[in-house]
$ cat input02.pdb   # PDB, C-alpha atoms
ATOM      1  CA  CYS A   1       0.000   0.000   0.000  1.00  0.00           C
ATOM      2  CA  SER A   2       1.024   3.581  -0.513  1.00  0.00           C
ATOM      3  CA  SER A   3       2.527   4.562   2.853  1.00  0.00           C
ATOM      4  CA  ASP A   4       1.588   8.243   2.710  1.00  0.00           C
ATOM      5  CA  LEU A   5      -2.018   7.391   1.933  1.00  0.00           C
ATOM      6  CA  LEU A   6      -2.083   4.930   4.822  1.00  0.00           C
ATOM      7  CA  ASP A   7      -0.678   7.624   7.104  1.00  0.00           C
ATOM      8  CA  SER A   8      -3.467   9.984   6.032  1.00  0.00           C
ATOM      9  CA  LEU A   9      -6.079   7.341   6.812  1.00  0.00           C
ATOM     10  CA  LEU A  10      -4.770   5.924  10.071  1.00  0.00           C
ATOM     11  CA  GLN A  11      -3.577   7.573  13.231  1.00  0.00           C
ATOM     12  CA  GLU A  12      -3.924   5.065  16.019  1.00  0.00           C
ATOM     13  CA  THR A  13      -4.090   1.275  16.212  1.00  0.00           C
ATOM     14  CA  MET A  14      -2.954  -1.893  14.448  1.00  0.00           C
ATOM     15  CA  VAL A  15      -4.462  -5.319  15.072  1.00  0.00           C
ATOM     16  CA  GLU A  16      -2.895  -8.557  13.873  1.00  0.00           C
ATOM     17  CA  GLU A  17      -4.743 -11.860  13.568  1.00  0.00           C
ATOM     18  CA  ASP A  18      -1.889 -13.488  15.466  1.00  0.00           C
ATOM     19  CA  ASP A  19      -2.442 -11.281  18.533  1.00  0.00           C
ATOM     20  CA  LYS A  20      -3.350 -13.853  21.167  1.00  0.00           C
ATOM     21  CA  LYS A  21      -4.772 -11.581  23.847  1.00  0.00           C
ATOM     22  CA  LYS A  22      -8.370 -12.466  24.619  1.00  0.00           C
ATOM     23  CA  VAL A  23     -10.714  -9.521  25.034  1.00  0.00           C
ATOM     24  CA  PHE A  24     -14.488 -10.168  25.182  1.00  0.00           C
ATOM     25  CA  PRO A  25     -17.031 -12.718  23.970  1.00  0.00           C
ATOM     26  CA  PHE A  26     -19.822 -11.161  21.893  1.00  0.00           C
ATOM     27  CA  HIS A  27     -22.244 -10.898  24.824  1.00  0.00           C
ATOM     28  CA  GLU A  28     -19.717  -8.858  26.812  1.00  0.00           C
ATOM     29  CA  MET A  29     -19.037  -6.306  24.057  1.00  0.00           C
ATOM     30  CA  GLY A  30     -22.049  -4.145  24.856  1.00  0.00           C
ATOM     31  CA  LEU A  31     -23.800  -5.083  21.620  1.00  0.00           C
ATOM     32  CA  ASP A  32     -27.474  -4.410  20.978  1.00  0.00           C
ATOM     33  CA  ASP A  33     -29.743  -7.425  21.552  1.00  0.00           C
ATOM     34  CA  ARG A  34     -30.765  -7.285  17.892  1.00  0.00           C
ATOM     35  CA  VAL A  35     -27.141  -7.604  16.820  1.00  0.00           C
ATOM     36  CA  LEU A  36     -26.579 -10.488  19.232  1.00  0.00           C
ATOM     37  CA  LYS A  37     -29.671 -12.221  17.850  1.00  0.00           C
ATOM     38  CA  ALA A  38     -28.336 -11.836  14.298  1.00  0.00           C
ATOM     39  CA  ILE A  39     -24.915 -13.142  15.328  1.00  0.00           C
ATOM     40  CA  ALA A  40     -26.566 -16.204  16.865  1.00  0.00           C
ATOM     41  CA  LYS A  41     -28.540 -16.826  13.660  1.00  0.00           C
ATOM     42  CA  LEU A  42     -25.294 -16.666  11.685  1.00  0.00           C
ATOM     43  CA  GLY A  43     -23.911 -19.404  13.909  1.00  0.00           C
ATOM     44  CA  TRP A  44     -21.033 -17.309  15.233  1.00  0.00           C
ATOM     45  CA  VAL A  45     -20.663 -19.067  18.584  1.00  0.00           C
ATOM     46  CA  GLU A  46     -17.713 -16.973  19.715  1.00  0.00           C
ATOM     47  CA  PRO A  47     -15.591 -14.206  18.185  1.00  0.00           C
ATOM     48  CA  THR A  48     -12.514 -15.055  16.185  1.00  0.00           C
ATOM     49  CA  LEU A  49      -9.247 -13.585  17.442  1.00  0.00           C
ATOM     50  CA  ILE A  50      -9.398 -10.625  15.068  1.00  0.00           C
ATOM     51  CA  GLN A  51     -13.030  -9.934  16.007  1.00  0.00           C
ATOM     52  CA  GLU A  52     -12.173 -10.009  19.714  1.00  0.00           C
ATOM     53  CA  ARG A  53      -9.516  -7.378  19.199  1.00  0.00           C
ATOM     54  CA  ALA A  54     -11.094  -5.206  16.512  1.00  0.00           C
ATOM     55  CA  VAL A  55     -14.760  -4.914  17.515  1.00  0.00           C
ATOM     56  CA  PRO A  56     -14.179  -3.112  20.864  1.00  0.00           C
ATOM     57  CA  LEU A  57     -11.608  -0.771  19.294  1.00  0.00           C
ATOM     58  CA  ILE A  58     -13.928   0.207  16.437  1.00  0.00           C
ATOM     59  CA  LEU A  59     -16.761   0.766  18.916  1.00  0.00           C
ATOM     60  CA  GLU A  60     -14.444   3.174  20.725  1.00  0.00           C
ATOM     61  CA  GLY A  61     -14.015   5.095  17.478  1.00  0.00           C
ATOM     62  CA  LYS A  62     -10.378   4.132  16.972  1.00  0.00           C
ATOM     63  CA  ASP A  63      -8.690   4.287  13.583  1.00  0.00           C
ATOM     64  CA  LEU A  64      -7.618   0.741  12.876  1.00  0.00           C
ATOM     65  CA  LEU A  65      -5.482  -1.335  10.522  1.00  0.00           C
ATOM     66  CA  ALA A  66      -6.331  -5.031  10.870  1.00  0.00           C
ATOM     67  CA  ARG A  67      -4.481  -7.863   9.160  1.00  0.00           C
ATOM     68  CA  GLY A  68      -5.747 -11.424   8.920  1.00  0.00           C
ATOM     69  CA  ARG A  69      -6.023 -14.388   6.607  1.00  0.00           C
ATOM     70  CA  THR A  70      -9.055 -15.260   4.524  1.00  0.00           C
ATOM     71  CA  GLY A  71     -11.504 -16.991   6.855  1.00  0.00           C
ATOM     72  CA  SER A  72     -10.263 -15.166   9.944  1.00  0.00           C
ATOM     73  CA  GLY A  73     -13.568 -13.322  10.411  1.00  0.00           C
ATOM     74  CA  LYS A  74     -12.416  -9.938   9.123  1.00  0.00           C
ATOM     75  CA  THR A  75     -15.791  -9.082   7.554  1.00  0.00           C
ATOM     76  CA  GLY A  76     -17.591  -9.621  10.841  1.00  0.00           C
ATOM     77  CA  ALA A  77     -14.876  -7.652  12.622  1.00  0.00           C
ATOM     78  CA  PHE A  78     -15.961  -4.475  10.864  1.00  0.00           C
ATOM     79  CA  CYS A  79     -19.620  -5.170  10.024  1.00  0.00           C
ATOM     80  CA  VAL A  80     -20.659  -5.902  13.627  1.00  0.00           C
ATOM     81  CA  PRO A  81     -19.357  -2.620  15.127  1.00  0.00           C
ATOM     82  CA  LEU A  82     -20.596  -0.638  12.118  1.00  0.00           C
ATOM     83  CA  VAL A  83     -24.162  -1.873  12.650  1.00  0.00           C
ATOM     84  CA  GLN A  84     -23.857  -1.338  16.411  1.00  0.00           C
ATOM     85  CA  ARG A  85     -22.636   2.249  16.034  1.00  0.00           C
ATOM     86  CA  LEU A  86     -25.426   3.136  13.634  1.00  0.00           C
ATOM     87  CA  LEU A  87     -28.025   1.690  15.994  1.00  0.00           C
ATOM     88  CA  GLU A  88     -26.553   3.793  18.792  1.00  0.00           C
ATOM     89  CA  ILE A  89     -26.663   6.960  16.675  1.00  0.00           C
ATOM     90  CA  LYS A  90     -30.300   6.381  15.781  1.00  0.00           C
ATOM     91  CA  ALA A  91     -31.297   5.542  19.351  1.00  0.00           C
ATOM     92  CA  GLY A  92     -29.372   8.460  20.821  1.00  0.00           C
ATOM     93  CA  ASP A  93     -30.998  11.126  18.668  1.00  0.00           C
ATOM     94  CA  VAL A  94     -34.416  10.211  17.289  1.00  0.00           C
ATOM     95  CA  SER A  95     -34.548  13.566  15.511  1.00  0.00           C
ATOM     96  CA  ALA A  96     -31.283  12.964  13.628  1.00  0.00           C
ATOM     97  CA  LYS A  97     -31.691  13.313   9.877  1.00  0.00           C
ATOM     98  CA  GLN A  98     -31.396  10.225   7.727  1.00  0.00           C
ATOM     99  CA  ALA A  99     -27.885  10.134   6.259  1.00  0.00           C
ATOM    100  CA  ILE A 100     -25.217   7.874   4.811  1.00  0.00           C
ATOM    101  CA  ARG A 101     -22.976   7.266   7.817  1.00  0.00           C
ATOM    102  CA  GLY A 102     -21.102   4.103   6.859  1.00  0.00           C
ATOM    103  CA  CYS A 103     -19.079   3.350   3.713  1.00  0.00           C
ATOM    104  CA  ILE A 104     -17.335   0.065   2.912  1.00  0.00           C
ATOM    105  CA  LEU A 105     -14.923  -0.015  -0.019  1.00  0.00           C
ATOM    106  CA  CYS A 106     -14.062  -3.381  -1.604  1.00  0.00           C
ATOM    107  CA  PRO A 107     -11.642  -4.292  -4.428  1.00  0.00           C
ATOM    108  CA  SER A 108     -14.285  -6.152  -6.469  1.00  0.00           C
ATOM    109  CA  ARG A 109     -18.026  -6.207  -7.090  1.00  0.00           C
ATOM    110  CA  GLU A 110     -18.166  -9.810  -5.894  1.00  0.00           C
ATOM    111  CA  LEU A 111     -16.641  -8.958  -2.528  1.00  0.00           C
ATOM    112  CA  ALA A 112     -19.001  -5.971  -2.259  1.00  0.00           C
ATOM    113  CA  ARG A 113     -21.928  -8.296  -2.906  1.00  0.00           C
ATOM    114  CA  GLN A 114     -20.751 -10.739  -0.243  1.00  0.00           C
ATOM    115  CA  THR A 115     -20.250  -7.934   2.281  1.00  0.00           C
ATOM    116  CA  THR A 116     -23.715  -6.553   1.544  1.00  0.00           C
ATOM    117  CA  GLU A 117     -25.156 -10.001   2.225  1.00  0.00           C
ATOM    118  CA  VAL A 118     -23.434 -10.173   5.627  1.00  0.00           C
ATOM    119  CA  LEU A 119     -24.751  -6.717   6.508  1.00  0.00           C
ATOM    120  CA  GLY A 120     -28.238  -7.828   5.480  1.00  0.00           C
ATOM    121  CA  GLN A 121     -27.999 -10.792   7.824  1.00  0.00           C
ATOM    122  CA  LEU A 122     -26.720  -8.639  10.688  1.00  0.00           C
ATOM    123  CA  THR A 123     -29.517  -6.075  10.263  1.00  0.00           C
ATOM    124  CA  ASN A 124     -32.281  -8.607   9.613  1.00  0.00           C
ATOM    125  CA  SER A 125     -33.481  -8.329  13.220  1.00  0.00           C
ATOM    126  CA  CYS A 126     -33.402  -4.520  13.243  1.00  0.00           C
ATOM    127  CA  GLY A 127     -36.829  -4.015  11.694  1.00  0.00           C
ATOM    128  CA  GLY A 128     -35.635  -1.957   8.744  1.00  0.00           C
ATOM    129  CA  VAL A 129     -33.897   0.600  10.965  1.00  0.00           C
ATOM    130  CA  ILE A 130     -30.639   0.238   9.019  1.00  0.00           C
ATOM    131  CA  ARG A 131     -30.578   0.093   5.222  1.00  0.00           C
ATOM    132  CA  THR A 132     -27.624  -0.977   3.070  1.00  0.00           C
ATOM    133  CA  LEU A 133     -27.044  -0.295  -0.629  1.00  0.00           C
ATOM    134  CA  ASP A 134     -24.554  -2.044  -2.911  1.00  0.00           C
ATOM    135  CA  ILE A 135     -23.677   0.823  -5.265  1.00  0.00           C
ATOM    136  CA  GLY A 136     -21.912  -1.454  -7.748  1.00  0.00           C
ATOM    137  CA  ALA A 137     -24.628  -4.051  -8.212  1.00  0.00           C
ATOM    138  CA  ARG A 138     -26.416  -2.116 -10.962  1.00  0.00           C
ATOM    139  CA  ASP A 139     -25.746   0.661 -13.478  1.00  0.00           C
ATOM    140  CA  VAL A 140     -24.968   4.137 -12.150  1.00  0.00           C
ATOM    141  CA  SER A 141     -28.227   5.504 -13.577  1.00  0.00           C
ATOM    142  CA  VAL A 142     -30.215   2.903 -11.640  1.00  0.00           C
ATOM    143  CA  VAL A 143     -28.369   3.387  -8.352  1.00  0.00           C
ATOM    144  CA  ALA A 144     -28.424   7.223  -8.422  1.00  0.00           C
ATOM    145  CA  PRO A 145     -32.088   7.595  -7.359  1.00  0.00           C
ATOM    146  CA  LEU A 146     -31.583   4.964  -4.654  1.00  0.00           C
ATOM    147  CA  LEU A 147     -28.758   7.076  -3.212  1.00  0.00           C
ATOM    148  CA  ARG A 148     -31.150  10.000  -2.912  1.00  0.00           C
ATOM    149  CA  ASP A 149     -33.079   7.907  -0.380  1.00  0.00           C
ATOM    150  CA  LEU A 150     -29.946   8.037   1.806  1.00  0.00           C
ATOM    151  CA  PRO A 151     -29.257   4.450   2.879  1.00  0.00           C
ATOM    152  CA  ASP A 152     -27.364   4.143   6.153  1.00  0.00           C
ATOM    153  CA  ILE A 153     -24.494   2.126   4.630  1.00  0.00           C
ATOM    154  CA  ILE A 154     -23.111   2.012   1.113  1.00  0.00           C
ATOM    155  CA  VAL A 155     -20.827  -0.721  -0.229  1.00  0.00           C
ATOM    156  CA  GLY A 156     -18.847  -0.709  -3.472  1.00  0.00           C
ATOM    157  CA  THR A 157     -15.511  -0.351  -5.236  1.00  0.00           C
ATOM    158  CA  PRO A 158     -13.519   2.896  -4.957  1.00  0.00           C
ATOM    159  CA  GLY A 159     -14.025   3.423  -8.691  1.00  0.00           C
ATOM    160  CA  ARG A 160     -17.803   3.287  -8.498  1.00  0.00           C
ATOM    161  CA  LEU A 161     -17.904   5.457  -5.364  1.00  0.00           C
ATOM    162  CA  ALA A 162     -15.716   8.106  -7.015  1.00  0.00           C
ATOM    163  CA  GLN A 163     -17.929   8.029 -10.102  1.00  0.00           C
ATOM    164  CA  HIS A 164     -21.065   8.724  -8.069  1.00  0.00           C
ATOM    165  CA  ILE A 165     -19.354  11.577  -6.242  1.00  0.00           C
ATOM    166  CA  ARG A 166     -18.118  13.132  -9.494  1.00  0.00           C
ATOM    167  CA  GLU A 167     -21.580  12.900 -11.050  1.00  0.00           C
ATOM    168  CA  GLY A 168     -23.181  14.586  -8.051  1.00  0.00           C
ATOM    169  CA  ASN A 169     -25.172  11.545  -6.954  1.00  0.00           C
ATOM    170  CA  LEU A 170     -23.518  11.370  -3.563  1.00  0.00           C
ATOM    171  CA  ASP A 171     -22.289  13.817  -0.930  1.00  0.00           C
ATOM    172  CA  LEU A 172     -20.471  12.382   2.078  1.00  0.00           C
ATOM    173  CA  SER A 173     -18.740  15.592   3.106  1.00  0.00           C
ATOM    174  CA  SER A 174     -20.612  15.983   6.385  1.00  0.00           C
ATOM    175  CA  SER A 175     -22.492  12.765   7.185  1.00  0.00           C
ATOM    176  CA  LEU A 176     -19.926   9.940   7.037  1.00  0.00           C
ATOM    177  CA  SER A 177     -18.788   8.623  10.417  1.00  0.00           C
ATOM    178  CA  LEU A 178     -17.072   5.336   9.537  1.00  0.00           C
ATOM    179  CA  LEU A 179     -15.010   4.446   6.451  1.00  0.00           C
ATOM    180  CA  ILE A 180     -13.935   0.835   5.950  1.00  0.00           C
ATOM    181  CA  VAL A 181     -11.399  -0.128   3.281  1.00  0.00           C
ATOM    182  CA  ASP A 182     -11.627  -3.896   2.930  1.00  0.00           C
ATOM    183  CA  GLU A 183      -8.751  -5.898   1.414  1.00  0.00           C
ATOM    184  CA  ALA A 184      -6.730  -2.682   1.290  1.00  0.00           C
ATOM    185  CA  ASP A 185      -3.728  -4.373  -0.297  1.00  0.00           C
ATOM    186  CA  LEU A 186      -5.848  -5.503  -3.250  1.00  0.00           C
ATOM    187  CA  ILE A 187      -7.491  -2.104  -3.609  1.00  0.00           C
ATOM    188  CA  PHE A 188      -4.060  -0.571  -4.155  1.00  0.00           C
ATOM    189  CA  SER A 189      -2.799  -3.362  -6.403  1.00  0.00           C
ATOM    190  CA  PHE A 190      -5.977  -3.227  -8.537  1.00  0.00           C
ATOM    191  CA  GLY A 191      -5.257   0.390  -9.419  1.00  0.00           C
ATOM    192  CA  PHE A 192      -7.814   2.166  -7.237  1.00  0.00           C
ATOM    193  CA  GLU A 193      -5.349   4.482  -5.483  1.00  0.00           C
ATOM    194  CA  ALA A 194      -6.276   7.565  -7.544  1.00  0.00           C
ATOM    195  CA  ASP A 195      -9.999   7.003  -6.929  1.00  0.00           C
ATOM    196  CA  LEU A 196      -9.360   6.526  -3.217  1.00  0.00           C
ATOM    197  CA  ARG A 197      -7.278   9.689  -2.995  1.00  0.00           C
ATOM    198  CA  PHE A 198     -10.027  11.650  -4.772  1.00  0.00           C
ATOM    199  CA  THR A 199     -12.704  10.243  -2.471  1.00  0.00           C
ATOM    200  CA  LEU A 200     -10.760  11.120   0.667  1.00  0.00           C
ATOM    201  CA  THR A 201     -10.824  14.798  -0.347  1.00  0.00           C
ATOM    202  CA  LYS A 202     -14.634  14.608  -0.301  1.00  0.00           C
ATOM    203  CA  LEU A 203     -15.003  13.072   3.159  1.00  0.00           C
ATOM    204  CA  PRO A 204     -15.205  14.764   6.566  1.00  0.00           C
ATOM    205  CA  ASP A 205     -12.017  14.981   8.606  1.00  0.00           C
ATOM    206  CA  ARG A 206     -13.731  13.645  11.714  1.00  0.00           C
ATOM    207  CA  LYS A 207     -14.423  10.034  10.819  1.00  0.00           C
ATOM    208  CA  SER A 208     -13.118   6.688  11.966  1.00  0.00           C
ATOM    209  CA  THR A 209     -11.252   4.590   9.433  1.00  0.00           C
ATOM    210  CA  ARG A 210     -10.821   0.843   9.417  1.00  0.00           C
ATOM    211  CA  LEU A 211      -8.484  -0.772   6.899  1.00  0.00           C
ATOM    212  CA  ASN A 212      -8.548  -4.517   6.492  1.00  0.00           C
ATOM    213  CA  SER A 213      -5.701  -6.326   4.780  1.00  0.00           C
ATOM    214  CA  SER A 214      -4.990  -9.997   4.084  1.00  0.00           C
ATOM    215  CA  HIS A 215      -1.656 -11.660   4.642  1.00  0.00           C
TER     216      HIS A 215
END
$ encode --input "input02.pdb" --output "structure tokens"
Amino acid sequence: CSSDLLDSLLQETMVEEDDKKKVFPFHEMGLDDRVLKAIAKLGWVEPTLIQERAVPLILEGKDLLARGRTGSGKTGAFCVPLVQRLLEIKAGDVSAKQAIRGCILCPSRELARQTTEVLGQLTNSCGGVIRTLDIGARDVSVVAPLLRDLPDIIVGTPGRLAQHIREGNLDLSSSLSLLIVDEADLIFSFGFEADLRFTLTKLPDRKSTRLNSSH
């Protein structure tokens, strides 16, 4: 990854899959009952090592770089706290305007689709309180009006996100609270660095960032 771009994204914490320190089981992480119910339905009996370390840190609002192998539970490590934080925002201020507060960037449309499915499973027990939109699943012209409905979370490639911003379909300059860059090493190697740099200029300074990278 480009080191200067990483420095601009991250200021605080690194988590490695090989970190052996135990932190909390899911039921001791302060998660909403609806999230715990969804986790149980997914069959996640206990957190993986990377989830144990990352979930509490993300809930604290820490910037985070997490590294783990495929199958280590990285997707859950960022999706669970993202859903939890959005539930807290909505519960804490019932008058808060609907806004896009979470953004997950993936290196491919397939990974974006898989991530959107996990988010759907995690929010299935939330009664429609949190809505997710895969911005790469359909043509830009089809997705644009859906963005005007302001889903809570958007998922897609950096290229598609940058395209929507350039075309005026999307404004994250004040609403975004959590940016997740999944498989960051692949995003850079797939040639998305320019799109990511452009997008970062359109985001608020006060946001938490979570980068996820495979070994």
$ resolve_selection --input "input02.pdb" --expression "the PyMOL selection byres ((chain A and resi 169) around 10)" --output "ChimeraX atom specification"
/A:140-141,143-148,161,163-168,170-171
$ resolve_selection --input "input02.pdb" --expression "the PyMOL selection byres ((chain A and resi 159) around 8)" --output "ChimeraX atom specification"
/A:157-158,160-163,192,195-196
$ residues_around --input "input02.pdb" --residues "stretch 83-98 of chain A" --least-positions-apart "6" --cutoff "7 Å" --atoms "only C-alpha atoms" --output "ChimeraX atom specification"
/A:31-32,59,150
$ closest_residue --input "input02.pdb" --among "A:Gly76, A:Pro107, A:Gly191, A:Gly102" --to "A:Leu122" --atoms "all atoms listed in the file"
A:Gly76
$ resolve_selection --input "input02.pdb" --expression "the PyMOL selection byres ((chain A and resi 34) around 9)" --output "JSON, numbers by chain"
{"A": [31, 32, 33, 35, 36, 37, 38, 39, 122, 123, 124, 125, 126]}
$ closest_residue --input "input02.pdb" --among "A:Asp182, A:Ile130, A:Ser173, A:Gly120" --to "A:Thr199" --atoms "all atoms listed in the file"
A:Ser173
$ atom_distance --input "input02.pdb" --atom1 "atom CA of A:Leu176" --atom2 "atom CA of A:Arg197"
16.1 Å
$ atom_distance --input "input02.pdb" --atom1 "atom CA of A:Ser177" --atom2 "atom CA of A:Gln51"
20.2 Å
$ closest_residue --input "input02.pdb" --among "A:Ile153, A:Ala184, A:Met29, A:Leu105" --to "A:Asn212" --atoms "only C-alpha atoms"
A:Ala184
$ axis_aligned_box --input "input02.pdb" --around "stretch 164-171 of chain A" --padding-each-side "3 Å" --output "lines of an AutoDock Vina configuration file"
center_x = -21.6
center_y = 11.7
center_z = -6.0
size_x = 13.1
size_y = 11.9
size_z = 16.1
$ residues_near_point --input "input02.pdb" --point "(-24.3, -8.0, -3.0)" --cutoff "10 Å" --atoms "all atoms listed in the file" --output "PyMOL selection string"
chain A and resi 109-120+132-137+155-156
$ closest_residue --input "input02.pdb" --among "A:Phe198, A:Glu46, A:Cys106, A:Gln121" --to "A:Ile154" --atoms "all atoms listed in the file"
A:Cys106
$ atom_distance --input "input02.pdb" --atom1 "atom CA of A:Gly73" --atom2 "atom CA of A:Leu203"
27.4 Å
